[in-house]
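Asks: Here you go, query.cif (mmCIF, C-alpha atoms):
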```cif
data_final
#
loop_
_atom_site.label_atom_id
_atom_site.label_comp_id
_atom_site.auth_asym_id
_atom_site.auth_seq_id
_atom_site.Cartn_x
_atom_site.Cartn_y
_atom_site.Cartn_z
CA MET A 1 94.46 83.18 91.45
CA ASN A 2 91.63 82.16 89.14
CA GLU A 3 89.65 84.83 87.39
CA PRO A 4 85.86 84.70 87.73
CA ARG A 5 84.28 83.09 84.72
CA ASN A 6 80.90 83.49 83.09
CA GLY A 7 78.90 80.63 81.62
CA TRP A 8 80.84 80.73 78.34
CA GLY A 9 84.27 80.25 79.90
CA GLU A 10 85.31 83.85 79.30
CA GLY A 11 86.75 86.11 81.99
CA VAL A 12 84.38 88.61 83.55
CA LEU A 13 85.35 92.22 83.03
CA ARG A 14 83.90 94.97 85.16
CA ALA A 15 84.30 98.65 84.46
CA GLU A 16 83.22 101.50 86.63
CA PHE A 17 83.30 105.07 85.47
CA LEU A 18 83.68 107.74 88.10
CA ALA A 19 82.77 111.37 87.64
CA GLU A 20 85.42 113.96 88.37
CA ASP A 21 83.88 114.73 91.76
CA ASP A 22 83.98 111.04 92.73
CA TRP A 23 87.74 111.26 93.25
CA LEU A 24 89.47 112.63 96.32
CA ARG A 25 93.01 113.94 96.66
CA VAL A 26 95.09 112.39 99.39
CA ASP A 27 94.88 115.59 101.46
CA GLU A 28 91.07 115.58 101.20
CA ILE A 29 90.99 112.03 102.60
CA CYS A 30 93.32 113.08 105.41
CA VAL A 31 91.05 115.98 106.38
CA ARG A 32 87.82 113.96 106.12
CA LEU A 33 89.17 111.10 108.23
CA SER A 34 91.52 113.07 110.50
CA VAL A 35 94.58 111.04 109.53
CA GLU A 36 98.10 112.04 108.57
CA ARG A 37 99.34 111.75 105.00
CA GLN A 38 101.91 109.20 106.19
CA TRP A 39 99.03 106.92 107.20
CA ILE A 40 97.75 106.90 103.61
CA VAL A 41 101.31 106.36 102.32
CA GLU A 42 101.64 103.32 104.58
CA LEU A 43 98.35 101.91 103.32
CA VAL A 44 99.54 102.35 99.74
CA GLU A 45 102.92 100.75 100.50
CA LEU A 46 101.09 97.81 102.08
CA GLY A 47 98.90 97.43 98.99
CA ALA A 48 95.68 98.19 100.86
CA LEU A 49 95.03 101.25 98.64
CA GLU A 50 95.88 101.90 95.02
CA PRO A 51 96.45 105.55 94.16
CA ARG A 52 95.96 107.10 90.76
CA GLY A 53 97.50 110.29 89.49
CA GLY A 54 101.25 109.91 89.84
CA ASN A 55 104.14 108.64 91.89
CA GLU A 56 104.22 111.34 94.56
CA PRO A 57 101.69 111.33 97.41
CA ALA A 58 100.80 114.98 96.74
CA SER A 59 99.46 113.99 93.30
CA TRP A 60 97.55 110.88 94.39
CA VAL A 61 93.80 110.61 93.99
CA PHE A 62 91.51 107.85 95.22
CA PRO A 63 87.93 106.90 94.41
CA ARG A 64 85.52 108.32 96.97
CA ARG A 65 84.27 104.77 97.59
CA GLU A 66 87.62 104.03 99.32
CA LEU A 67 86.72 106.26 102.29
CA PRO A 68 84.85 103.53 104.20
CA ARG A 69 87.78 101.13 103.71
CA VAL A 70 90.30 103.64 105.03
CA LEU A 71 87.99 104.50 107.92
CA ALA A 72 87.54 100.81 108.80
CA MET A 73 91.30 100.21 108.80
CA THR A 74 91.85 103.35 110.87
CA ARG A 75 89.26 102.29 113.45
CA LEU A 76 90.64 98.74 113.69
CA VAL A 77 94.07 100.16 114.47
CA SER A 78 93.03 102.99 116.79
CA ASP A 79 90.08 101.38 118.59
CA LEU A 80 91.10 97.73 118.75
CA GLY A 81 94.89 97.91 118.59
CA VAL A 82 95.11 95.77 115.45
CA ASN A 83 98.34 96.34 113.52
CA LEU A 84 98.15 97.89 110.06
CA THR A 85 98.70 94.63 108.18
CA GLY A 86 96.04 92.92 110.27
CA ALA A 87 93.59 95.75 109.66
CA ALA A 88 94.12 95.55 105.89
CA ILE A 89 93.59 91.78 105.93
CA ILE A 90 90.45 92.07 108.06
CA VAL A 91 88.93 94.67 105.73
CA GLU A 92 89.80 92.57 102.68
CA LEU A 93 88.24 89.45 104.22
CA VAL A 94 85.08 91.31 105.20
CA GLU A 95 84.76 92.67 101.64
CA GLU A 96 85.35 89.21 100.15
CA ARG A 97 82.73 87.72 102.46
CA ARG A 98 80.26 90.39 101.35
CA ARG A 99 81.00 89.63 97.67
CA LEU A 100 80.60 85.89 98.21
CA LEU A 101 77.33 86.31 100.08
CA GLY A 102 76.06 88.44 97.20
CA ARG A 103 77.03 85.78 94.68
CA LEU A 104 75.41 83.09 96.81
CA ALA A 105 72.19 85.10 97.04
CA ALA A 106 72.21 85.62 93.26
CA LEU A 107 72.76 81.91 92.64
CA SER A 108 70.06 80.97 95.14
CA ALA A 109 67.60 83.26 93.36
CA ARG A 110 67.98 81.38 90.06
#
```
Could you show the structure in this file as structure tokens?
Replies:
Amino acid sequence: MNEPRNGWGEGVLRAEFLAEDDWLRVDEICVRLSVERQWIVELVELGALEPRGGNEPASWVFPRRELPRVLAMTRLVSDLGVNLTGAAIIVELVEERRRLLGRLAALSAR
């Protein structure tokens, strides 16, 4: 996969700093979204989520901004009967579309 490039041929690096309260423990996500811990484990095993904080689910933390992604995948599975892999792919494609539309708008504004 090619890395995005800026006008000078260098890779683009993005950093985002999150405050301590911008992170949620796995159990907090489970409570907020009414899902079982195993659901989050399956999303991590699939590669749809990337935990921080350790190897054991009890020590995992996730950026708060992941909540809408997890909710979208949960709704696709529960409401529409999409399998977990399909839900992860759909969410990824929707996010990529959003990023590309943003880039297109930025380029059009030049």
Asks: Please expand the PyMOL selection byres ((chain A and resi 57-74) around 8) into the concrete residues it hits in this file, giving the result as a list in words.
Replies: Leu18, Asp22, Trp23, Leu24, Arg25, Val26, Asp27, Ile29, Leu33, Arg37, Val41, Leu49, Glu50, Pro51, Arg52, Gly53, Gly54, Asn55, Glu56, Arg75, Leu76, Val77, Ser78, Leu84, Ala87, Ala88 and Val91 of chain A
Asks: Of the residues A:Arg103, A:Asp79, A:Val94, A:Glu28, which is the one nearest to Ile40 of chain A, using only C-alpha atoms?
Replies: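 Under the stated criterion, the closest residue is A:Glu28.
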Asks: One decimal, in Å: what's the spacing between atom CA of Val31 of chain A and atom CA of Leu80 of chain A?
Replies: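 Going from atom CA of Val31 of chain A over to atom CA of Leu80 of chain A covers 22.0 Å.
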Asks: Rounded to one decimal, what separation in Å do you get between atom CA of Ser108 of chain A and atom CA of Ile90 of chain A?
Replies: 26.6 Å
Asks: At what distance in Å, to one decimal, does atom CA of Ile89 of chain A lie from atom CA of Gln38 of chain A?
Replies: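 Value for the atom CA of Gln38 of chain A-atom CA of Ile89 of chain A distance: 19.3 Å.
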Asks: Would you mind exporting segment 35-105 of chain A with C-alpha atoms, as a short mmCIF file (atom, residue, chain, number, x, y, z; two decimals), in the first residue's frame?
Replies:
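Heads up, here's the output in out-v1.cif:
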```cif
data_model
loop_
_atom_site.label_atom_id
_atom_site.label_comp_id
_atom_site.auth_asym_id
_atom_site.auth_seq_id
_atom_site.Cartn_x
_atom_site.Cartn_y
_atom_site.Cartn_z
CA VAL A 35 -22.03 -5.42 24.25
CA GLU A 36 -20.14 -8.32 25.78
CA ARG A 37 -16.38 -8.21 26.23
CA GLN A 38 -16.08 -11.14 23.82
CA TRP A 39 -17.56 -8.92 21.09
CA ILE A 40 -14.70 -6.43 21.54
CA VAL A 41 -12.18 -9.31 21.62
CA GLU A 42 -13.55 -10.56 18.29
CA LEU A 43 -13.24 -7.10 16.76
CA VAL A 44 -9.63 -6.91 17.93
CA GLU A 45 -8.85 -10.40 16.60
CA LEU A 46 -10.36 -9.38 13.26
CA GLY A 47 -8.20 -6.25 13.17
CA ALA A 48 -11.17 -3.89 13.25
CA LEU A 49 -9.96 -2.36 16.55
CA GLU A 50 -6.46 -1.83 17.89
CA PRO A 51 -6.20 -1.90 21.67
CA ARG A 52 -3.54 -0.16 23.71
CA GLY A 53 -2.47 -1.01 27.21
CA GLY A 54 -1.44 -4.65 27.19
CA ASN A 55 -2.08 -8.13 25.91
CA GLU A 56 -5.03 -9.05 28.12
CA PRO A 57 -8.51 -7.71 27.36
CA ALA A 58 -8.92 -6.49 30.94
CA SER A 59 -6.03 -4.05 30.41
CA TRP A 60 -7.07 -2.79 26.98
CA VAL A 61 -7.94 0.85 26.37
CA PHE A 62 -9.31 2.43 23.21
CA PRO A 63 -9.61 6.02 22.03
CA ARG A 64 -13.08 7.41 22.73
CA ARG A 65 -13.38 8.21 19.01
CA GLU A 66 -13.67 4.43 18.35
CA LEU A 67 -17.14 4.30 19.94
CA PRO A 68 -19.01 5.25 16.75
CA ARG A 69 -17.08 2.59 14.79
CA VAL A 70 -17.92 -0.13 17.30
CA LEU A 71 -21.54 1.03 17.40
CA ALA A 72 -21.77 0.98 13.59
CA MET A 73 -20.37 -2.55 13.42
CA THR A 74 -22.69 -3.67 16.20
CA ARG A 75 -25.74 -2.23 14.45
CA LEU A 76 -24.79 -3.75 11.08
CA VAL A 77 -24.61 -7.17 12.70
CA SER A 78 -27.65 -6.90 14.97
CA ASP A 79 -30.01 -4.87 12.77
CA LEU A 80 -29.08 -6.03 9.28
CA GLY A 81 -27.67 -9.49 9.89
CA VAL A 82 -24.29 -8.67 8.35
CA ASN A 83 -21.52 -10.97 9.59
CA LEU A 84 -18.71 -9.49 11.67
CA THR A 85 -16.16 -9.46 8.85
CA GLY A 86 -18.65 -7.80 6.53
CA ALA A 87 -19.50 -5.18 9.15
CA ALA A 88 -15.81 -4.34 9.64
CA ILE A 89 -15.29 -4.02 5.89
CA ILE A 90 -18.38 -1.83 5.47
CA VAL A 91 -17.27 0.52 8.24
CA GLU A 92 -13.76 0.72 6.80
CA LEU A 93 -15.09 1.50 3.31
CA VAL A 94 -17.45 4.17 4.63
CA GLU A 95 -14.56 5.80 6.52
CA GLU A 96 -12.30 5.63 3.45
CA ARG A 97 -15.04 7.19 1.32
CA ARG A 98 -15.38 10.00 3.86
CA ARG A 99 -11.60 10.60 3.81
CA LEU A 100 -11.50 10.62 0.01
CA LEU A 101 -14.43 13.02 -0.25
CA GLY A 102 -12.64 15.33 2.19
CA ARG A 103 -9.46 15.21 0.11
CA LEU A 104 -11.45 15.85 -3.07
CA ALA A 105 -13.16 18.85 -1.48
#
```
